[in-house]
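See below for the structure under consideration.
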Amino acid sequence: MDPSPHKLLFTAVDYAIFAGLLGASLAIGVYYALSGGRQRTTQEFLLADRSMGCLPVSLSLIASFQSAVAIIGVPAEIYTHGTQYWFIGCAYILGLLVPAHVFIPVLYRLKLSSAYQYLELRFSKAVRICGTLTFIFQTVVYMGLCIYAPAFALNAVTGIKLWGTVLATGLVCTLYTTLGGLKAVIWTDVFQTVVMFSGQVAVIVVGVYQTGGPSEVWKKVWEGGRISGLNLNPDPTERHTFWTLALGGVFLMWALYGVNQSQVQRYLSSRSEREAVRSCYMVFPSLQLALALSCVMGLIMFARYCGEDHSHQLQSTKADAMVIYFVMDMLQGFPGLPGLFVACLFSAALSTISSAFNSLATVTMEDLIKPQFPAMSERRATLLSKALAMFYGLLCLAMAYVTHLMGDSVLLVALKIFGMVGGPILGLFCLGMFFPWANPIGALAGLAGGLSLSFWVGIGSILNQTPGPRTLVPDCRSGLVSNSSSSSAVITVTLRPSGLQRFYSLSYMWYSGFTCVSVIFIGLIISFLTGPIREEDVTPGTVFPLLGKLLFFLPENVKQKLCCVTPLPQMVREKHMCV
Ligand SMILES: CC(C)(CO)[C@@H](O)C(=O)NCCC(=O)O
Ligand code: NA
């Protein structure tokens with residue numbers, strides 16, 4: 001084998017395909033800058049004139065949180081730890097049904113322009129601003145990760161300049177987001193999602209062919225112990241079990257698909273509530289497909305490469321770089337396919353960071369600037385929104401550098417951020433929607449408490465990291481259980497942590513649920529101590545009559561007393577066709 005780390009070739013065809021992706025995305029941006037209302041109002045720039053159909057919206061909804069982080073990170077996870085992670089697919093059921101039937105109806109009917117406006121209607125201006133700032137923090141950290149991950153992995157195996165790719169993708173994305181507004185973001189998402197799926201399918205087809213057919217792949221992964229059974233261990237410190245993934249994952253999905261501004265903005269841009277609900281339903285099969293494709297990719301890599309040591313050809317010991325190396329190695333000799341896979345990675349990344357730029361511009365404009373300057377002209381506001389989209393684009397480049405300094409698996413970092421920061425925001429919305437007694441002081445205290453707890457456990461887990469039994473080249477014949485690279489790994493498995501150590505080793509899949517429940521708990525206690533809100537003071541339409549629905553068997557007058565139901569305004573029946 002060639003010992004040089006840069007042996008993998010990228011031909012002219014490959015460069016052309018990659019350039020085609022960037023060019024087509026830019027063209028979509030330019031098209032929406034010149035057509036329709038020419039992006040002259042904030043309604044068009046930030047909310048696509050509330051005119052979108054469910055098909056583009058649903059593809060755009062998957063694209064928001066399916067970045068190169070998942071495309072690289074999930075196969076790396078399956079390759080090293082087996083298929084347990086796949087059970088997160090179970091979380092998609094409740095994870096999407098509840099947003100469709102609880103969060104969308106409440107948020108859509110309030111005719112919001114940003115998700116955080118809800119917090120002002122339900123609580124107070126201060127809660128809205130704190131919620132907004134928390135979201136900005138989460139998204140800025142996340143987008144740095146999203147732009148860095150593919151550039152890093154590509155650099156490690158092909159030698160394509162890291163900061164060159166970061167700069168090129170960041171600038172192209174900033175440009176089309178600034179030019180074409182949310183319409184361009186949604187339609188580039190559609191195009192990029194198709195490219196993303198095609199790239200993954202190409203890798204899978206070639207991989208299966210090179211390994212010797214599906215049955216050979218199955219035989220190898222089965223013998224290698226990569227097909228995980230249902231792990232029903234209730235221990236919350238176990239990283240991935242059925243419970244952490246399928247139940248903890250539900251909170252993660254609610255934080256992402258229920259209340260995250262990127263997604264809420266897409267629901268609000270739908271032309272009717274029905275279209276919004278329908279698009280949420282359509283996410284289910286596509287998200288399952290995305291998960292299945294990346295899990296299968298991990299299995300194929302295991303079948304094809306396990307037992308071979310390629311670490312000397314990588315400049316990095318990270319499993320993320322290994323995934324790219326395997327893909328590029330498999331695709332050599334198929335001109336155009338390496339380019340397609342790189343386009344797949346960057347499609348995934350672009351569609352995520354463009355959503356981030358636009359949603360950040362939206363919340364900064366709608367939640368922080370407009371309330372301060374209510375007399376601002378539409379022209380000014382639109383110009384400022386564009387400047388904001390551009391500002392966040394450039395900030396993203398700076399954040400890529402911050403990510404560069406972190407050392408963990410990108411999938412782990414992304415899921416930790418979603419849980420640590422997204423969980424408390426979810427808690428805030430749940431507190432407002434399901435608990436009519438919660439008052440603004442309770443909400444602020446809950447958010448502060450939830451964030452403190454989440455940073456405590458999150459930072460504690462980083463500082464108390466024990467070297468896990470991770471290994472880049474696992475033993476392929478024996479299963480995962482006996483697969484420990486050193487004696488220290490065995491010790492970490494047998495020693496049960498105690499006290500705070502145990503708290504710090506809470507599985508990151510529980511972060512969303514843990515912090516969400518903490519916010520609700522603290523919020524309710526403080527609300528009752530400071531005097532719960534009276535039913536008539538709650539803004540109509542901001543409370544979802546959850547208790548009323550759960551206690552349906554009680555007589556009407558008892559229910560009224562117990563759960564002070566502020567009913568949702570009647571849904572206007574709309575008869576719009578899909579798309
Ligand atoms: C959002 C989920 C968890 C849904 O399966 C998945 O897309 C994921 O693991 N995303 C990781 C973050 C990312 O891809 O940027
Ligand atoms: Na994406």
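In the structure tokens, each chain is lettered A, B, ... as it comes, each chain's residues begin at 1, and ligands are numbered from 1 in order of appearance.
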
Cut-off 7 Å, only C-alpha atoms and all ligand atoms, neighbours of ligand 1 as a PyMOL selection string: chain A and resi 65-71+88-89+146+253+287+291+411+414-415

Next, dump the selected residues to file, keeping only N, CA and C atoms, as a short mmCIF file (atom, residue, chain, number, x, y, z; two decimals), in the first residue's frame.
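Ended up saving to out11.cif:
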data_model
loop_
_atom_site.label_atom_id
_atom_site.label_comp_id
_atom_site.auth_asym_id
_atom_site.auth_seq_id
_atom_site.Cartn_x
_atom_site.Cartn_y
_atom_site.Cartn_z
N PHE A 65 -31.35 19.59 10.17
CA PHE A 65 -30.51 18.96 11.19
C PHE A 65 -29.83 17.70 10.70
N GLN A 66 -29.82 17.50 9.41
CA GLN A 66 -29.09 16.37 8.85
C GLN A 66 -27.89 16.97 8.14
N SER A 67 -26.77 17.05 8.84
CA SER A 67 -25.62 17.69 8.21
C SER A 67 -24.55 16.64 7.98
N ALA A 68 -23.39 17.08 7.51
CA ALA A 68 -22.29 16.14 7.30
C ALA A 68 -21.91 15.46 8.62
N VAL A 69 -22.26 16.12 9.72
CA VAL A 69 -22.00 15.53 11.03
C VAL A 69 -22.66 14.15 11.14
N ALA A 70 -23.92 14.05 10.70
CA ALA A 70 -24.62 12.77 10.74
C ALA A 70 -24.11 11.84 9.65
N ILE A 71 -23.86 12.37 8.45
CA ILE A 71 -23.43 11.52 7.33
C ILE A 71 -22.10 10.84 7.64
N ILE A 88 -32.64 4.94 17.55
CA ILE A 88 -33.12 6.32 17.65
C ILE A 88 -34.30 6.53 16.68
N GLY A 89 -34.37 5.66 15.66
CA GLY A 89 -35.50 5.73 14.72
C GLY A 89 -36.85 5.57 15.42
N CYS A 146 -20.85 22.28 11.95
CA CYS A 146 -21.36 21.79 10.66
C CYS A 146 -20.48 22.17 9.49
N MET A 253 -35.91 15.10 19.73
CA MET A 253 -36.71 15.41 18.54
C MET A 253 -37.66 16.58 18.80
N LEU A 287 -36.72 10.84 7.15
CA LEU A 287 -35.74 10.80 8.22
C LEU A 287 -35.33 9.35 8.51
N LEU A 291 -31.56 7.88 8.18
CA LEU A 291 -30.94 7.10 9.25
C LEU A 291 -30.49 5.74 8.73
N LEU A 411 -20.37 13.97 15.99
CA LEU A 411 -21.76 13.58 16.26
C LEU A 411 -22.07 13.76 17.74
N ALA A 414 -22.42 17.45 18.57
CA ALA A 414 -23.68 18.01 18.07
C ALA A 414 -24.84 17.58 18.96
N LEU A 415 -24.90 16.29 19.28
CA LEU A 415 -26.02 15.81 20.10
C LEU A 415 -25.97 16.40 21.50
#

Per DSSP on the backbone, what are the helix (DSSP H, G or I) residues of range 261-498 of chain A, as a ChimeraX atom specification? /A:261-269,273-305,311-313,319-331,337-369,378-404,410-434,440-463,487-494

Just to confirm, what's the straight-line distance from CA of Leu451 in chain A to CA of Ile129 in chain A in Å (one decimal)? 15.0 Å

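Nearest-residue note for ligand 2: choosing from A:Ile62, A:Leu428, A:Val157, A:Ala100, the minimum distance belongs to A:Ile62, counting only C-alpha atoms and all ligand atoms.
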
Distance criterion (only C-alpha atoms): nearest to Phe152 in chain A out of A:Ser409, A:Thr139, A:Ser507, A:Gln265: A:Ser409

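For ligand 2, the neighbouring protein, DNA and RNA residues, which are those within 8 Å when only C-alpha atoms and all ligand atoms are counted, are A:Ile62, A:Ala63, A:Ser64, A:Phe65, A:Gln66, A:Ser67, A:Ala68, A:Asp189, A:Gln192, A:Thr193, A:Ser347, A:Ala348, A:Ala349, A:Leu350, A:Ser351, A:Thr352, A:Ile353.
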
Selected residues written out, N, CA and C atoms, as an mmCIF file, in the first residue's frame:
data_model
loop_
_atom_site.group_PDB
_atom_site.id
_atom_site.type_symbol
_atom_site.label_atom_id
_atom_site.label_comp_id
_atom_site.auth_asym_id
_atom_site.auth_seq_id
_atom_site.Cartn_x
_atom_site.Cartn_y
_atom_site.Cartn_z
ATOM 1 N N ILE A 62 -35.999 18.101 7.008
ATOM 2 C CA ILE A 62 -34.969 17.082 7.287
ATOM 3 C C ILE A 62 -33.601 17.695 7.129
ATOM 4 N N ALA A 63 -33.452 18.543 6.089
ATOM 5 C CA ALA A 63 -32.128 19.077 5.778
ATOM 6 C C ALA A 63 -31.559 19.900 6.926
ATOM 7 N N SER A 64 -32.430 20.553 7.697
ATOM 8 C CA SER A 64 -31.937 21.470 8.748
ATOM 9 C C SER A 64 -30.998 20.801 9.724
ATOM 10 N N PHE A 65 -31.351 19.591 10.167
ATOM 11 C CA PHE A 65 -30.513 18.962 11.193
ATOM 12 C C PHE A 65 -29.832 17.696 10.701
ATOM 13 N N GLN A 66 -29.819 17.495 9.406
ATOM 14 C CA GLN A 66 -29.092 16.366 8.854
ATOM 15 C C GLN A 66 -27.895 16.970 8.144
ATOM 16 N N SER A 67 -26.772 17.050 8.839
ATOM 17 C CA SER A 67 -25.622 17.688 8.209
ATOM 18 C C SER A 67 -24.547 16.636 7.978
ATOM 19 N N ALA A 68 -23.392 17.076 7.512
ATOM 20 C CA ALA A 68 -22.289 16.136 7.304
ATOM 21 C C ALA A 68 -21.908 15.460 8.620
ATOM 22 N N ASP A 189 -32.397 23.610 -0.149
ATOM 23 C CA ASP A 189 -32.508 22.429 0.714
ATOM 24 C C ASP A 189 -33.071 21.241 -0.058
ATOM 25 N N GLN A 192 -30.414 20.062 -2.422
ATOM 26 C CA GLN A 192 -29.285 19.485 -1.691
ATOM 27 C C GLN A 192 -29.653 18.166 -0.998
ATOM 28 N N THR A 193 -30.908 18.031 -0.573
ATOM 29 C CA THR A 193 -31.321 16.764 0.040
ATOM 30 C C THR A 193 -31.275 15.640 -0.991
ATOM 31 N N SER A 347 -23.585 19.205 0.501
ATOM 32 C CA SER A 347 -25.023 19.493 0.444
ATOM 33 C C SER A 347 -25.600 19.453 1.838
ATOM 34 N N ALA A 348 -25.217 18.393 2.558
ATOM 35 C CA ALA A 348 -25.719 18.243 3.916
ATOM 36 C C ALA A 348 -25.298 19.427 4.770
ATOM 37 N N ALA A 349 -24.043 19.845 4.612
ATOM 38 C CA ALA A 349 -23.540 20.953 5.428
ATOM 39 C C ALA A 349 -24.180 22.280 5.021
ATOM 40 N N LEU A 350 -24.234 22.533 3.710
ATOM 41 C CA LEU A 350 -24.788 23.813 3.237
ATOM 42 C C LEU A 350 -26.233 23.978 3.670
ATOM 43 N N SER A 351 -27.022 22.899 3.543
ATOM 44 C CA SER A 351 -28.441 23.037 3.853
ATOM 45 C C SER A 351 -28.638 23.302 5.340
ATOM 46 N N THR A 352 -27.712 22.860 6.150
ATOM 47 C CA THR A 352 -27.838 23.131 7.586
ATOM 48 C C THR A 352 -27.391 24.550 7.928
ATOM 49 N N ILE A 353 -26.258 24.963 7.385
ATOM 50 C CA ILE A 353 -25.801 26.300 7.778
ATOM 51 C C ILE A 353 -26.647 27.396 7.140
#

Identify, on the basis of only C-alpha atoms, every residue whose closest approach to Phe135 in chain A does not exceed 8 Å; exclude the query and any residue fewer than 2 positions from it along the same chain; express the result as a PyMOL selection string. chain A and resi 131-133+137-139+260-261+421-422+425

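Distance-wise, CA of Thr382 in chain A and CA of Ser51 in chain A end up 18.3 Å apart.
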
Would you pick out the contacts of range 82-84 of chain A at 12 Å or less, using only C-alpha atoms, so that residues sharing its chain but fewer than 3 positions from it are not included, and give the list as a ChimeraX atom specification? /A:74-79,87-90,221-232,238-246,291-292,294-303,474,476,479-481,483

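The closest residue to Leu97 in chain A, picked from A:Val342, A:Leu182, A:Val283, A:Met399 and counting only C-alpha atoms, is A:Val283.
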
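The shortest atom-to-atom distance to Met420 in chain A, with only C-alpha atoms taken into account, belongs to A:Ser454 out of A:Gln465, A:Thr403, A:Thr134, A:Ser454.
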